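Chemist: Quick one: this structure, given as structure tokens, is what I'll be asking you about.
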Amino acid sequence: MAETSRPLDALNNARNKRVIIELKNGKQFVGNLKAFDIHINAVLEEAEERENGELKRKLGVIFIRGDTIIFISPA
Amino acid sequence: MAETSRPLDALNNARNKRVIIELKNGKQFVGNLKAFDIHINAVLEEAEERENGELKRKLGVIFIRGDTIIFISPA
Amino acid sequence: MAETSRPLDALNNARNKRVIIELKNGKQFVGNLKAFDIHINAVLEEAEERENGELKRKLGVIFIRGDTIIFISPA
Amino acid sequence: MAETSRPLDALNNARNKRVIIELKNGKQFVGNLKAFDIHINAVLEEAEERENGELKRKLGVIFIRGDTIIFISPA
Amino acid sequence: MAETSRPLDALNNARNKRVIIELKNGKQFVGNLKAFDIHINAVLEEAEERENGELKRKLGVIFIRGDTIIFISPA
Amino acid sequence: MAETSRPLDALNNARNKRVIIELKNGKQFVGNLKAFDIHINAVLEEAEERENGELKRKLGVIFIRGDTIIFISPA
Amino acid sequence: MAETSRPLDALNNARNKRVIIELKNGKQFVGNLKAFDIHINAVLEEAEERENGELKRKLGVIFIRGDTIIFISPA
């Protein structure tokens, strides 16, 4: 991974790559990170909702509101 | 879907299309996305509330306050 | 309903009409929408609190703080 | 009640009158509305805390932080 | 009590007097109000924590973060 | 304690002294207050986590996010 | 540890060192602190999730949203 001096640089390095996003309500979404902003609003493509590591449903494109997110990490 | 470099571009691509909005309290609304703003306040037309995938009630036009929203995705 | 390009336009279209406001704590208020602002603070007249669709109490004029609101929809 | 084009006009109309304030934790305060600001911080005089419509305690002057308030309505 | 046209005027009138502060978690602190700011951050001196009206512990000086406060009232 | 006209003056008086910080989740940290800012983000040195007054673990230096704090008081 | 007059100085001293981050939902992440910002958004490398001190899963790089964090401390 490239150098990151600011947190959003790390998200930028993950753009167009597969990431896992965990939400405050315990849900997990996996998909290709297409976009994000300073509020950490994020857009995934080819997104799936997972529960305990198992596929729960396929969602295609999904816009996730930043304030519901706990973390974003490469999948 | 068109290219999205910012999250709100993805919402713009969904304008006038049928979307599902999931709220922090677990409720789901399906309707035509007519409007949204930077707070993710959103307006749906021909909106329905669903519970576990089943129709619970029809609401027509509905204004949803952005801070209650977890995600927005094409229906 | 008139065209709405921004969410607050939809609220403006509902001004002086009967609306239902659902709150984060599950309460529902029905009344005539007299005023709102960018925080979605809202004032209803001839307001009633409802529980499961039944009248619980009459409140007359009521000022509702915006951050407690989930959605506003024509009644 | 006088015309209200903005929500805070409705509060202004209630100034020096007896109001009920319901809080997010379910508590209710009744008193004379002496002051409020854009955060909906509010000051009541001759205030009482009520529970299910019954007097729980008398508080005299009380400053209530706006972000705890659900609604304000004439008592 | 002197006239209050703004809510913080009421707090100013209570400065150096004994007040009760009730928090969102149900705790109550009683002490001399020495300082407050626009966030309602507050400092009490000779402070006590009370539970159901009984002394739980003495704290001396205490800085309370404003966003935890429900109300402030003369003790 | 020196005069405090603003709440942060009280924190300034506690700088380099032993304080107790109580968090919204009920945890308590005791340590030397080395730094704080307007968000009430705070840094303790020689910090300990306590539960019901008993030592739970030693943490050394700890950065505590301000919005998790209920109060700060001399230990 | 070097002198810290502001809380973010303490985080800066921890940059590139191993830290533990505890979240509001009780989860703990341990990793090398690569980046943070004024919202306390933080990036860890070689990150692990721990539960009661035991390794739960390895995550590599992880971006953690600041408003979910309780504290950051050297591991």
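Please note that chains go A, B, ... in the order of the structure tokens, that every chain numbers its residues from 1, and that ligands are numbered from 1 in the order shown.
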Within 9 Å of chain G, which residues belong to chain A? Use only C-alpha atoms and report them as a VMD selection string.
Modeler: chain A and resid 1 3 to 11 24 40 66 to 67 69 to 75
Chemist: Looking only at alpha helix (DSSP H) from DSSP on the backbone, list the matching residues of chain E as a PyMOL selection string.
Modeler: chain E and resi 7-13
Chemist: Mind writing the picked residues with C-alpha atoms as a short mmCIF file (atom, residue, chain, number, x, y, z; two decimals), in the first residue's frame?
Modeler:
data_model
loop_
_atom_site.label_atom_id
_atom_site.label_comp_id
_atom_site.auth_asym_id
_atom_site.auth_seq_id
_atom_site.Cartn_x
_atom_site.Cartn_y
_atom_site.Cartn_z
CA PRO E 7 -31.87 31.00 27.63
CA LEU E 8 -28.25 31.63 28.63
CA ASP E 9 -29.39 34.70 30.59
CA ALA E 10 -31.17 32.28 32.91
CA LEU E 11 -27.92 30.38 33.45
CA ASN E 12 -26.14 33.65 34.07
CA ASN E 13 -28.66 34.48 36.78
#
Chemist: Using atom CA of G:Lys27 and atom CA of G:Glu49 as the two end points, give the distance in Å to one decimal.
Modeler: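 Separating atom CA of G:Lys27 from atom CA of G:Glu49 is a distance of 7.2 Å.
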Chemist: Can you list, as a PyMOL selection string, every residue of chain F that DSSP puts in strand (DSSP E)?
Modeler: chain F and resi 18-23+28-36+42-51+54-64+69-74
Chemist: How far is it from atom CA of F:Ile38 to atom CA of E:Asn16, in Å with one decimal?
Modeler: 23.3 Å
